[in-house]
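One file, upload.cif, is given below (mmCIF, C-alpha atoms).
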```cif
data_target
#
loop_
_atom_site.group_PDB
_atom_site.id
_atom_site.type_symbol
_atom_site.label_atom_id
_atom_site.label_comp_id
_atom_site.auth_asym_id
_atom_site.auth_seq_id
_atom_site.Cartn_x
_atom_site.Cartn_y
_atom_site.Cartn_z
ATOM 1 C CA MET Q 185 23.502 -28.779 -40.311
ATOM 2 C CA GLY Q 186 21.937 -25.565 -39.089
ATOM 3 C CA GLU Q 187 19.006 -27.458 -37.654
ATOM 4 C CA ARG Q 188 21.417 -29.576 -35.631
ATOM 5 C CA ILE Q 189 23.171 -26.532 -34.207
ATOM 6 C CA VAL Q 190 19.891 -24.917 -33.177
ATOM 7 C CA PHE Q 191 18.734 -28.215 -31.689
ATOM 8 C CA THR Q 192 21.933 -28.618 -29.668
ATOM 9 C CA ILE Q 193 21.724 -25.103 -28.252
ATOM 10 C CA ALA Q 194 18.012 -25.356 -27.428
ATOM 11 C CA ALA Q 195 18.319 -28.829 -25.902
ATOM 12 C CA ALA Q 196 21.316 -27.850 -23.777
ATOM 13 C CA SER Q 197 19.577 -24.708 -22.544
ATOM 14 C CA ALA Q 198 16.378 -26.653 -21.804
ATOM 15 C CA LEU Q 199 18.246 -29.225 -19.731
ATOM 16 C CA ALA Q 200 20.427 -26.614 -18.007
ATOM 17 C CA SER Q 201 17.516 -24.401 -16.968
ATOM 18 C CA GLY Q 202 15.559 -27.530 -16.017
ATOM 19 C CA THR Q 203 18.387 -28.411 -13.661
ATOM 20 C CA LEU Q 204 18.182 -24.898 -12.223
ATOM 21 C CA VAL Q 205 14.416 -25.257 -11.708
ATOM 22 C CA VAL Q 206 15.013 -28.359 -9.625
ATOM 23 C CA THR Q 207 18.069 -27.151 -7.704
ATOM 24 C CA LEU Q 208 17.304 -23.495 -6.883
ATOM 25 C CA LYS Q 209 15.759 -23.101 -3.449
ATOM 26 C CA GLU Q 210 14.101 -19.748 -4.004
ATOM 27 C CA PRO Q 211 10.724 -20.014 -5.792
ATOM 28 C CA PHE Q 212 11.160 -16.754 -7.704
ATOM 29 C CA ARG Q 213 14.485 -17.776 -9.247
ATOM 30 C CA ALA Q 214 13.233 -21.271 -10.009
ATOM 31 C CA THR Q 215 10.249 -19.748 -11.839
ATOM 32 C CA VAL Q 216 12.516 -17.536 -13.929
ATOM 33 C CA ALA Q 217 14.586 -20.629 -14.763
ATOM 34 C CA LEU Q 218 11.370 -22.375 -15.820
ATOM 35 C CA ILE Q 219 10.799 -19.596 -18.375
ATOM 36 C CA GLY Q 220 14.144 -20.595 -19.923
ATOM 37 C CA THR Q 221 13.051 -24.221 -20.202
ATOM 38 C CA LEU Q 222 9.700 -23.255 -21.721
ATOM 39 C CA LEU Q 223 11.241 -20.967 -24.348
ATOM 40 C CA SER Q 224 13.874 -23.574 -25.300
ATOM 41 C CA LEU Q 225 11.095 -26.136 -25.691
ATOM 42 C CA ALA Q 226 9.235 -23.679 -27.920
ATOM 43 C CA VAL Q 227 12.335 -23.579 -30.154
ATOM 44 C CA LEU Q 228 12.350 -27.394 -30.241
ATOM 45 C CA PHE Q 229 8.665 -27.352 -31.213
ATOM 46 C CA VAL Q 230 9.468 -25.068 -34.134
ATOM 47 C CA LEU Q 231 12.172 -27.521 -35.231
ATOM 48 C CA LEU Q 232 9.594 -30.321 -35.010
ATOM 49 C CA ALA Q 233 7.360 -28.565 -37.573
ATOM 50 C CA ALA Q 234 4.876 -27.501 -34.899
ATOM 51 C CA PRO Q 235 4.717 -23.697 -35.129
ATOM 52 C CA PHE Q 236 1.232 -23.463 -33.650
ATOM 53 C CA VAL Q 237 2.118 -25.513 -30.577
ATOM 54 C CA ALA Q 238 5.268 -23.391 -30.179
ATOM 55 C CA ALA Q 239 3.198 -20.188 -30.281
ATOM 56 C CA ILE Q 240 0.744 -21.560 -27.735
ATOM 57 C CA GLN Q 241 3.673 -22.664 -25.581
ATOM 58 C CA VAL Q 242 4.997 -19.107 -25.498
ATOM 59 C CA ILE Q 243 1.597 -17.442 -25.036
ATOM 60 C CA VAL Q 244 -0.056 -19.819 -22.567
ATOM 61 C CA TYR Q 245 2.930 -21.207 -20.678
ATOM 62 C CA ALA Q 246 5.491 -18.432 -20.615
ATOM 63 C CA GLY Q 247 2.777 -15.779 -20.806
ATOM 64 C CA ALA Q 248 0.006 -16.949 -18.507
ATOM 65 C CA ILE Q 249 1.053 -19.831 -16.285
ATOM 66 C CA VAL Q 250 4.445 -18.398 -15.328
ATOM 67 C CA VAL Q 251 2.881 -14.983 -14.677
ATOM 68 C CA LEU Q 252 0.362 -16.682 -12.388
ATOM 69 C CA PHE Q 253 3.271 -18.284 -10.536
ATOM 70 C CA LEU Q 254 5.026 -14.940 -10.213
ATOM 71 C CA PHE Q 255 1.832 -13.275 -8.937
ATOM 72 C CA VAL Q 256 1.415 -15.866 -6.217
ATOM 73 C CA ILE Q 257 5.097 -15.681 -5.231
ATOM 74 C CA ALA Q 258 4.850 -11.886 -5.032
ATOM 75 C CA TYR Q 259 1.657 -12.210 -2.977
ATOM 76 C CA LEU Q 260 3.254 -14.604 -0.532
ATOM 77 C CA GLY Q 261 6.151 -12.184 -0.197
ATOM 78 C CA GLU Q 262 9.573 -12.726 1.222
ATOM 79 C CA ARG Q 263 8.594 -15.254 3.786
ATOM 80 C CA PRO Q 264 11.406 -17.075 5.510
ATOM 81 C CA LEU Q 265 10.928 -20.746 4.822
ATOM 82 C CA VAL Q 266 10.073 -22.434 8.064
ATOM 83 C CA GLU Q 267 12.581 -25.203 8.420
ATOM 84 C CA ILE Q 268 10.885 -27.910 10.343
ATOM 85 C CA GLY Q 269 13.232 -30.810 10.926
ATOM 86 C CA ASP Q 270 13.174 -32.859 7.751
ATOM 87 C CA ARG Q 271 11.624 -36.064 9.004
ATOM 88 C CA LEU Q 272 11.619 -37.599 5.559
ATOM 89 C CA GLY Q 273 15.111 -36.480 4.625
ATOM 90 C CA ARG Q 274 16.663 -39.885 4.946
ATOM 91 C CA TYR Q 275 14.206 -41.311 2.414
ATOM 92 C CA GLN Q 276 15.551 -39.039 -0.325
ATOM 93 C CA VAL Q 277 17.941 -41.782 -1.315
ATOM 94 C CA PHE Q 278 14.920 -43.691 -2.639
ATOM 95 C CA ALA Q 279 13.977 -40.728 -4.816
ATOM 96 C CA TRP Q 280 17.485 -40.769 -6.312
ATOM 97 C CA LEU Q 281 17.287 -44.532 -6.722
ATOM 98 C CA ALA Q 282 13.962 -44.273 -8.578
ATOM 99 C CA VAL Q 283 15.299 -41.560 -10.882
ATOM 100 C CA ILE Q 284 18.512 -43.459 -11.662
ATOM 101 C CA VAL Q 285 16.710 -46.747 -12.338
ATOM 102 C CA LEU Q 286 14.175 -44.996 -14.575
ATOM 103 C CA GLY Q 287 17.013 -43.271 -16.415
ATOM 104 C CA ILE Q 288 18.785 -46.578 -17.062
ATOM 105 C CA GLN Q 289 15.509 -48.077 -18.263
ATOM 106 C CA GLY Q 290 14.898 -45.209 -20.654
ATOM 107 C CA PHE Q 291 18.450 -45.387 -21.952
ATOM 108 C CA ILE Q 292 18.137 -49.115 -22.637
ATOM 109 C CA VAL Q 293 14.787 -48.647 -24.373
ATOM 110 C CA LEU Q 294 16.144 -45.835 -26.567
ATOM 111 C CA GLY Q 295 19.256 -47.874 -27.340
ATOM 112 C CA THR Q 296 17.565 -51.144 -28.278
ATOM 113 C CA THR Q 297 14.373 -50.041 -30.004
ATOM 114 C CA LYS Q 298 13.840 -51.265 -33.548
ATOM 115 C CA LEU Q 299 11.574 -48.430 -34.635
ATOM 116 C CA ASP Q 300 12.024 -47.764 -38.341
ATOM 117 C CA GLY Q 301 14.162 -44.717 -39.112
ATOM 118 C CA PHE Q 302 14.402 -43.881 -35.425
ATOM 119 C CA ARG Q 303 18.012 -42.667 -35.619
ATOM 120 C CA ASP Q 304 17.970 -41.394 -39.202
ATOM 121 C CA ASP Q 305 17.110 -38.137 -40.777
ATOM 122 C CA PRO Q 306 13.400 -37.504 -40.314
ATOM 123 C CA LYS Q 307 11.278 -37.779 -43.411
ATOM 124 C CA VAL Q 308 9.855 -34.661 -44.963
ATOM 125 C CA VAL Q 309 6.541 -33.934 -43.307
ATOM 126 C CA SER Q 310 3.369 -32.632 -44.811
ATOM 127 C CA ASP Q 311 1.464 -29.745 -43.272
ATOM 128 C CA ILE Q 312 0.771 -31.076 -39.779
ATOM 129 C CA GLY Q 313 1.508 -28.125 -37.518
ATOM 130 C CA SER Q 314 -0.386 -25.218 -39.017
ATOM 131 C CA PRO Q 315 -3.401 -23.760 -37.197
ATOM 132 C CA GLU Q 316 -5.583 -24.961 -40.062
ATOM 133 C CA ALA Q 317 -4.472 -28.591 -39.774
ATOM 134 C CA ILE Q 318 -4.848 -28.578 -35.994
ATOM 135 C CA GLY Q 319 -8.248 -26.896 -36.203
ATOM 136 C CA ARG Q 320 -9.460 -29.457 -38.726
ATOM 137 C CA SER Q 321 -8.174 -32.265 -36.537
ATOM 138 C CA PHE Q 322 -10.022 -30.829 -33.539
ATOM 139 C CA ILE Q 323 -13.285 -30.400 -35.418
ATOM 140 C CA ASP Q 324 -13.171 -33.599 -37.457
ATOM 141 C CA SER Q 325 -11.960 -36.233 -35.052
ATOM 142 C CA TYR Q 326 -11.418 -34.757 -31.585
ATOM 143 C CA ILE Q 327 -14.529 -32.723 -30.944
ATOM 144 C CA VAL Q 328 -15.460 -34.609 -27.744
ATOM 145 C CA PRO Q 329 -12.005 -34.214 -26.106
ATOM 146 C CA PHE Q 330 -12.113 -30.548 -27.114
ATOM 147 C CA GLU Q 331 -15.405 -29.983 -25.308
ATOM 148 C CA ALA Q 332 -14.227 -32.035 -22.335
ATOM 149 C CA THR Q 333 -11.137 -29.832 -22.109
ATOM 150 C CA SER Q 334 -13.267 -26.705 -22.036
ATOM 151 C CA LEU Q 335 -15.315 -28.288 -19.251
ATOM 152 C CA VAL Q 336 -12.087 -28.976 -17.299
ATOM 153 C CA LEU Q 337 -11.146 -25.305 -17.598
ATOM 154 C CA LEU Q 338 -14.593 -24.200 -16.412
ATOM 155 C CA VAL Q 339 -14.479 -26.527 -13.413
ATOM 156 C CA ALA Q 340 -10.970 -25.315 -12.521
ATOM 157 C CA ALA Q 341 -12.049 -21.663 -12.696
ATOM 158 C CA ILE Q 342 -15.105 -22.272 -10.495
ATOM 159 C CA GLY Q 343 -13.012 -24.336 -8.077
ATOM 160 C CA ALA Q 344 -10.421 -21.590 -7.740
ATOM 161 C CA VAL Q 345 -13.138 -19.035 -6.977
ATOM 162 C CA MET Q 346 -14.688 -21.303 -4.346
ATOM 163 C CA LEU Q 347 -11.270 -21.902 -2.756
ATOM 164 C CA ALA Q 348 -10.596 -18.168 -2.514
ATOM 165 C CA LYS Q 349 -14.079 -17.542 -1.091
ATOM 166 C CA ARG Q 350 -13.619 -20.130 1.634
ATOM 167 C CA ALA Q 351 -10.229 -18.733 2.559
ATOM 168 C CA VAL Q 352 -11.699 -15.222 2.906
ATOM 169 C CA LYS Q 353 -14.647 -16.536 4.935
ATOM 170 C CA SER Q 354 -12.393 -18.399 7.338
ATOM 171 C CA GLU Q 355 -10.749 -15.084 8.149
ATOM 172 C CA GLY Q 356 -14.074 -13.506 9.073
ATOM 173 C CA GLY Q 357 -14.587 -11.674 5.779
ATOM 174 C CA ARG Q 358 -17.636 -11.816 3.549
ATOM 175 C CA MET I 25 22.204 -35.804 -19.253
ATOM 176 C CA SER I 26 25.489 -37.318 -20.309
ATOM 177 C CA SER I 27 23.510 -40.252 -21.686
ATOM 178 C CA VAL I 28 21.687 -37.874 -23.981
ATOM 179 C CA LEU I 29 24.940 -36.448 -25.247
ATOM 180 C CA ALA I 30 26.314 -39.968 -25.773
ATOM 181 C CA MET I 31 23.213 -40.783 -27.811
ATOM 182 C CA GLY I 32 23.884 -37.677 -29.873
ATOM 183 C CA THR I 33 27.368 -38.723 -30.858
ATOM 184 C CA ALA I 34 26.214 -42.286 -31.489
ATOM 185 C CA ALA I 35 23.414 -41.124 -33.751
ATOM 186 C CA VAL I 36 25.664 -39.011 -35.938
ATOM 187 C CA GLY I 37 26.904 -41.680 -38.312
ATOM 188 C CA ASP I 38 27.213 -39.550 -41.400
ATOM 189 C CA PRO I 39 26.587 -35.855 -41.860
ATOM 190 C CA GLN I 40 22.847 -35.330 -41.633
ATOM 191 C CA GLU I 41 20.565 -32.374 -42.076
ATOM 192 C CA GLY I 42 17.778 -32.980 -39.608
ATOM 193 C CA VAL I 43 17.574 -34.221 -36.059
ATOM 194 C CA PRO I 44 16.436 -37.813 -35.483
ATOM 195 C CA LEU I 45 13.568 -38.663 -33.155
ATOM 196 C CA ALA I 46 15.946 -40.430 -30.746
ATOM 197 C CA LEU I 47 17.563 -37.143 -29.702
ATOM 198 C CA TYR I 48 14.230 -35.476 -29.018
ATOM 199 C CA LEU I 49 13.192 -38.439 -26.900
ATOM 200 C CA GLY I 50 16.521 -38.231 -25.061
ATOM 201 C CA VAL I 51 15.919 -34.566 -24.204
ATOM 202 C CA SER I 52 12.361 -35.352 -23.202
ATOM 203 C CA GLY I 53 13.536 -38.198 -20.974
ATOM 204 C CA GLY I 54 16.178 -35.991 -19.353
ATOM 205 C CA LEU I 55 13.598 -33.321 -18.556
ATOM 206 C CA PHE I 56 11.241 -35.954 -17.189
ATOM 207 C CA LEU I 57 13.919 -37.318 -14.861
ATOM 208 C CA LEU I 58 14.714 -33.799 -13.629
ATOM 209 C CA GLY I 59 11.050 -33.126 -12.961
ATOM 210 C CA LEU I 60 10.606 -36.461 -11.218
ATOM 211 C CA LEU I 61 13.581 -35.750 -8.977
ATOM 212 C CA GLY I 62 12.094 -32.355 -8.130
ATOM 213 C CA VAL I 63 8.671 -33.801 -7.320
ATOM 214 C CA LEU I 64 10.164 -36.504 -5.104
ATOM 215 C CA THR I 65 12.599 -34.307 -3.162
ATOM 216 C CA ARG I 66 11.000 -30.843 -2.886
ATOM 217 C CA ARG I 67 8.744 -29.967 0.039
ATOM 218 C CA ASN I 68 7.800 -26.405 -0.837
ATOM 219 C CA PRO I 69 4.528 -26.696 -2.819
ATOM 220 C CA LEU I 70 5.512 -23.884 -5.195
ATOM 221 C CA LEU I 71 8.734 -25.652 -6.199
ATOM 222 C CA LEU I 72 6.772 -28.884 -6.461
ATOM 223 C CA PHE I 73 4.392 -27.333 -8.989
ATOM 224 C CA LEU I 74 7.343 -26.043 -11.011
ATOM 225 C CA ALA I 75 8.715 -29.592 -11.175
ATOM 226 C CA VAL I 76 5.300 -30.861 -12.294
ATOM 227 C CA GLU I 77 5.417 -28.305 -15.109
ATOM 228 C CA LEU I 78 8.728 -29.843 -16.193
ATOM 229 C CA LEU I 79 7.114 -33.291 -16.282
ATOM 230 C CA LEU I 80 4.187 -32.065 -18.394
ATOM 231 C CA ASN I 81 6.520 -30.258 -20.782
ATOM 232 C CA SER I 82 8.706 -33.300 -21.313
ATOM 233 C CA ALA I 83 5.581 -35.297 -22.163
ATOM 234 C CA ASN I 84 4.578 -32.566 -24.630
ATOM 235 C CA LEU I 85 7.978 -32.738 -26.301
ATOM 236 C CA SER I 86 7.727 -36.454 -26.949
ATOM 237 C CA LEU I 87 4.117 -36.102 -28.114
ATOM 238 C CA VAL I 88 5.091 -33.505 -30.707
ATOM 239 C CA GLY I 89 8.203 -35.494 -31.641
ATOM 240 C CA PHE I 90 6.212 -38.639 -32.348
ATOM 241 C CA SER I 91 3.668 -36.546 -34.205
ATOM 242 C CA ARG I 92 6.427 -35.465 -36.552
ATOM 243 C CA TYR I 93 7.751 -39.032 -36.824
ATOM 244 C CA TRP I 94 4.397 -40.512 -37.855
ATOM 245 C CA ASN I 95 3.470 -37.410 -39.862
ATOM 246 C CA VAL I 96 0.103 -36.914 -38.169
ATOM 247 C CA THR I 97 -1.504 -34.029 -36.294
ATOM 248 C CA ASP I 98 -2.791 -36.068 -33.339
ATOM 249 C CA GLY I 99 0.249 -35.413 -31.150
ATOM 250 C CA HIS I 100 -0.148 -31.656 -31.539
ATOM 251 C CA VAL I 101 -3.802 -31.876 -30.547
ATOM 252 C CA PHE I 102 -2.976 -33.878 -27.466
ATOM 253 C CA ALA I 103 -0.113 -31.542 -26.547
ATOM 254 C CA LEU I 104 -2.582 -28.642 -26.578
ATOM 255 C CA VAL I 105 -4.949 -30.622 -24.338
ATOM 256 C CA VAL I 106 -2.042 -31.279 -21.950
ATOM 257 C CA MET I 107 -1.326 -27.543 -21.821
ATOM 258 C CA VAL I 108 -4.942 -26.821 -20.870
ATOM 259 C CA VAL I 109 -4.823 -29.451 -18.143
ATOM 260 C CA ALA I 110 -1.561 -27.944 -16.884
ATOM 261 C CA ALA I 111 -3.190 -24.508 -16.711
ATOM 262 C CA ALA I 112 -6.131 -25.914 -14.753
ATOM 263 C CA GLU I 113 -3.783 -27.751 -12.396
ATOM 264 C CA VAL I 114 -1.740 -24.625 -11.738
ATOM 265 C CA VAL I 115 -4.850 -22.554 -11.001
ATOM 266 C CA ILE I 116 -6.168 -25.035 -8.452
ATOM 267 C CA GLY I 117 -2.737 -25.730 -6.962
ATOM 268 C CA LEU I 118 -1.847 -22.084 -6.483
ATOM 269 C CA GLY I 119 -5.341 -21.466 -5.073
ATOM 270 C CA LEU I 120 -4.602 -24.123 -2.477
ATOM 271 C CA VAL I 121 -1.199 -22.600 -1.730
ATOM 272 C CA VAL I 122 -2.763 -19.172 -1.152
ATOM 273 C CA ALA I 123 -5.508 -20.681 1.020
ATOM 274 C CA VAL I 124 -2.916 -22.466 3.149
ATOM 275 C CA PHE I 125 -0.865 -19.281 3.383
ATOM 276 C CA ARG I 126 -3.849 -17.250 4.612
ATOM 277 C CA GLN I 127 -4.374 -19.701 7.441
ATOM 278 C CA ARG I 128 -0.814 -18.884 8.556
ATOM 279 C CA LEU I 129 0.383 -22.404 8.062
ATOM 280 C CA ALA I 130 3.840 -23.447 6.972
ATOM 281 C CA LEU I 131 4.282 -23.961 3.248
ATOM 282 C CA ASP I 132 5.427 -27.549 3.519
ATOM 283 C CA VAL I 133 3.712 -30.484 1.872
ATOM 284 C CA ASP I 134 4.664 -32.730 4.760
ATOM 285 C CA GLN I 135 2.510 -30.556 7.022
ATOM 286 C CA MET I 136 -0.471 -30.550 4.663
ATOM 287 C CA SER I 137 -1.443 -34.127 5.307
ATOM 288 C CA SER I 138 -4.908 -33.475 6.727
ATOM 289 C CA MET I 139 -7.956 -32.885 4.505
ATOM 290 C CA LYS I 140 -9.871 -31.013 7.214
ATOM 291 C CA GLY I 141 -10.844 -27.491 6.149
#
```

Could I get this structure in the form of structure tokens?
Amino acid sequence: MGERIVFTIAAASALASGTLVVTLKEPFRATVALIGTLLSLAVLFVLLAAPFVAAIQVIVYAGAIVVLFLFVIAYLGERPLVEIGDRLGRYQVFAWLAVIVLGIQGFIVLGTTKLDGFRDDPKVVSDIGSPEAIGRSFIDSYIVPFEATSLVLLVAAIGAVMLAKRAVKSEGGR
Amino acid sequence: MSSVLAMGTAAVGDPQEGVPLALYLGVSGGLFLLGLLGVLTRRNPLLLFLAVELLLNSANLSLVGFSRYWNVTDGHVFALVVMVVAAAEVVIGLGLVVAVFRQRLALDVDQMSSMKG
């Protein structure tokens, strides 16, 4: 029963702060709301027997990515948003249409699926979420994706440096 | 969101201990729809990236949920890979935002339609 209570609270807070992320107009407040979503999802990860992923979620997402967002927002400063007439405003109805249709689709799929034990108590799991199990999985069967991921990070870091360099150059700096 | 709650009451047939996979997928789907709505309607690139983070996180939630359902580690591994890709995407995206800002241009994705440097 306790697991259900924690799940309900975490799921409600994830969806509520997700709504805030999408509705708030000010980037700083939306970012703070995103922290709420990320922490609630970390709680859900713990419930799903994934403590390592939950820890990484808190450290990498709430710790690094959100801080990067906040740095950039602070750097850009309080800049009044230039409101250029919204030429595409009238097409927003299609965005709503797409979201509603996708929601109905997902609801039907979740309601009609015949997956075994989909709506029942989950079975007891073995040790799948510990750092040891994940490390073994990386080394034993996913070594190539692991290396490819590190390459992606390297390319992103170099790309960010090049972007910054070009921006400085275009202003007459070094 | 109300659909998720309806699923919750429908899934509770008898008193249970744990939480079934269906509820996790409902939460994940709700977050995905929110993120999709944000991506489709926002025009400030910063808010757009925040919505993309919501999308990636909802995918992570269903990955970890299915990992628990099938009792394998693969979903966790892939969720970690998704987090790395999200970090890379944020670094490049915010680099672009700062570069656009330094050129004194408006922060509006509708205005950033040209690839010229």

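Against the coordinates shown, the PyMOL selection byres ((chain I and resi 96) around 10) returns Val309, Ser310, Asp311, Ile312, Gly313, Ala317, Ile318 and Ser321 of chain Q; Val88, Phe90, Ser91, Arg92, Tyr93, Trp94, Asn95, Thr97, Asp98, Gly99, His100 and Val101 of chain I.
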
I need the residues from that last selection saved to file as a PDB file, in the frame of the given file (with C-alpha atoms), if you can.
```
ATOM      1  CA  VAL Q 309       6.541 -33.934 -43.307  1.00  0.00           C
ATOM      2  CA  SER Q 310       3.369 -32.632 -44.811  1.00  0.00           C
ATOM      3  CA  ASP Q 311       1.464 -29.745 -43.272  1.00  0.00           C
ATOM      4  CA  ILE Q 312       0.771 -31.076 -39.779  1.00  0.00           C
ATOM      5  CA  GLY Q 313       1.508 -28.125 -37.518  1.00  0.00           C
ATOM      6  CA  ALA Q 317      -4.472 -28.591 -39.774  1.00  0.00           C
ATOM      7  CA  ILE Q 318      -4.848 -28.578 -35.994  1.00  0.00           C
ATOM      8  CA  SER Q 321      -8.174 -32.265 -36.537  1.00  0.00           C
TER       9      SER Q 321
ATOM     10  CA  VAL I  88       5.091 -33.505 -30.707  1.00  0.00           C
ATOM     11  CA  PHE I  90       6.212 -38.639 -32.348  1.00  0.00           C
ATOM     12  CA  SER I  91       3.668 -36.546 -34.205  1.00  0.00           C
ATOM     13  CA  ARG I  92       6.427 -35.465 -36.552  1.00  0.00           C
ATOM     14  CA  TYR I  93       7.751 -39.032 -36.824  1.00  0.00           C
ATOM     15  CA  TRP I  94       4.397 -40.512 -37.855  1.00  0.00           C
ATOM     16  CA  ASN I  95       3.470 -37.410 -39.862  1.00  0.00           C
ATOM     17  CA  THR I  97      -1.504 -34.029 -36.294  1.00  0.00           C
ATOM     18  CA  ASP I  98      -2.791 -36.068 -33.339  1.00  0.00           C
ATOM     19  CA  GLY I  99       0.249 -35.413 -31.150  1.00  0.00           C
ATOM     20  CA  HIS I 100      -0.148 -31.656 -31.539  1.00  0.00           C
ATOM     21  CA  VAL I 101      -3.802 -31.876 -30.547  1.00  0.00           C
TER      22      VAL I 101
END
```

First collect every listed atom of segment 46-53 of chain I; then fit an axis-aligned box around them, widen it by 4 Å on each side, and give centre and edge lengths in Å to one decimal, as AutoDock Vina command-line options.
```
--center_x 15.0 --center_y -37.5 --center_z -25.9 --size_x 13.2 --size_y 13.9 --size_z 17.8
```

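The shortest atom-to-atom distance to Leu55 of chain I, with all atoms listed in the file taken into account, belongs to Q:Thr221 out of Q:Gln241, Q:Thr221, Q:Thr215, Q:Thr207.
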
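Closest approach to chain I from the set Q:Val328, Q:Val283, Q:Arg274, Q:Ile342 is made by Q:Val283, with distances taken over all atoms listed in the file.
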
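If you look at atom CA of Thr333 of chain Q and atom CA of Val105 of chain I, they are 6.6 Å away from each other.
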
Selected by the PyMOL selection byres ((chain I and resi 106) around 12) in the shown coordinates: which residues, as a PDB file with C-alpha atoms, in the coordinates of the input?
```pdb
ATOM      1  CA  VAL Q 237       2.118 -25.513 -30.577  1.00  0.00           C
ATOM      2  CA  ILE Q 240       0.744 -21.560 -27.735  1.00  0.00           C
ATOM      3  CA  GLN Q 241       3.673 -22.664 -25.581  1.00  0.00           C
ATOM      4  CA  VAL Q 244      -0.056 -19.819 -22.567  1.00  0.00           C
ATOM      5  CA  TYR Q 245       2.930 -21.207 -20.678  1.00  0.00           C
ATOM      6  CA  PRO Q 329     -12.005 -34.214 -26.106  1.00  0.00           C
ATOM      7  CA  PHE Q 330     -12.113 -30.548 -27.114  1.00  0.00           C
ATOM      8  CA  THR Q 333     -11.137 -29.832 -22.109  1.00  0.00           C
ATOM      9  CA  VAL Q 336     -12.087 -28.976 -17.299  1.00  0.00           C
ATOM     10  CA  LEU Q 337     -11.146 -25.305 -17.598  1.00  0.00           C
TER      11      LEU Q 337
ATOM     12  CA  GLU I  77       5.417 -28.305 -15.109  1.00  0.00           C
ATOM     13  CA  LEU I  79       7.114 -33.291 -16.282  1.00  0.00           C
ATOM     14  CA  LEU I  80       4.187 -32.065 -18.394  1.00  0.00           C
ATOM     15  CA  ASN I  81       6.520 -30.258 -20.782  1.00  0.00           C
ATOM     16  CA  SER I  82       8.706 -33.300 -21.313  1.00  0.00           C
ATOM     17  CA  ALA I  83       5.581 -35.297 -22.163  1.00  0.00           C
ATOM     18  CA  ASN I  84       4.578 -32.566 -24.630  1.00  0.00           C
ATOM     19  CA  LEU I  85       7.978 -32.738 -26.301  1.00  0.00           C
ATOM     20  CA  LEU I  87       4.117 -36.102 -28.114  1.00  0.00           C
ATOM     21  CA  VAL I  88       5.091 -33.505 -30.707  1.00  0.00           C
ATOM     22  CA  GLY I  99       0.249 -35.413 -31.150  1.00  0.00           C
ATOM     23  CA  HIS I 100      -0.148 -31.656 -31.539  1.00  0.00           C
ATOM     24  CA  VAL I 101      -3.802 -31.876 -30.547  1.00  0.00           C
ATOM     25  CA  PHE I 102      -2.976 -33.878 -27.466  1.00  0.00           C
ATOM     26  CA  ALA I 103      -0.113 -31.542 -26.547  1.00  0.00           C
ATOM     27  CA  LEU I 104      -2.582 -28.642 -26.578  1.00  0.00           C
ATOM     28  CA  VAL I 105      -4.949 -30.622 -24.338  1.00  0.00           C
ATOM     29  CA  MET I 107      -1.326 -27.543 -21.821  1.00  0.00           C
ATOM     30  CA  VAL I 108      -4.942 -26.821 -20.870  1.00  0.00           C
ATOM     31  CA  VAL I 109      -4.823 -29.451 -18.143  1.00  0.00           C
ATOM     32  CA  ALA I 110      -1.561 -27.944 -16.884  1.00  0.00           C
ATOM     33  CA  ALA I 111      -3.190 -24.508 -16.711  1.00  0.00           C
ATOM     34  CA  ALA I 112      -6.131 -25.914 -14.753  1.00  0.00           C
ATOM     35  CA  GLU I 113      -3.783 -27.751 -12.396  1.00  0.00           C
TER      36      GLU I 113
END
```

Q: Measuring atom to atom with only C-alpha atoms, identify which of Q:Lys349, Q:Arg303, Q:Arg320, Q:Lys298 is nearest to chain I.
A: Q:Arg303

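Atom CA of Arg188 of chain Q to atom CA of Gly42 of chain I spans 6.4 Å [interatomic distance, one decimal].
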
Q | Selected residue of minimal separation from Val250 of chain Q among Q:Gly287, Q:Phe236, Q:Val216, Q:Ala282, counting all atoms listed in the file | A | Q:Val216

Q.
the PyMOL selection byres ((chain I and resi 73) around 12) - which residues does that actually catch in the file I just gave you? List them as a VMD selection string.
A. (chain Q and resid 205 to 206 211 214 to 215 218 249 to 250 252 to 253) or (chain I and resid 59 to 60 62 to 64 66 to 72 74 to 80 110 to 111 113 to 118 120 to 121 133)
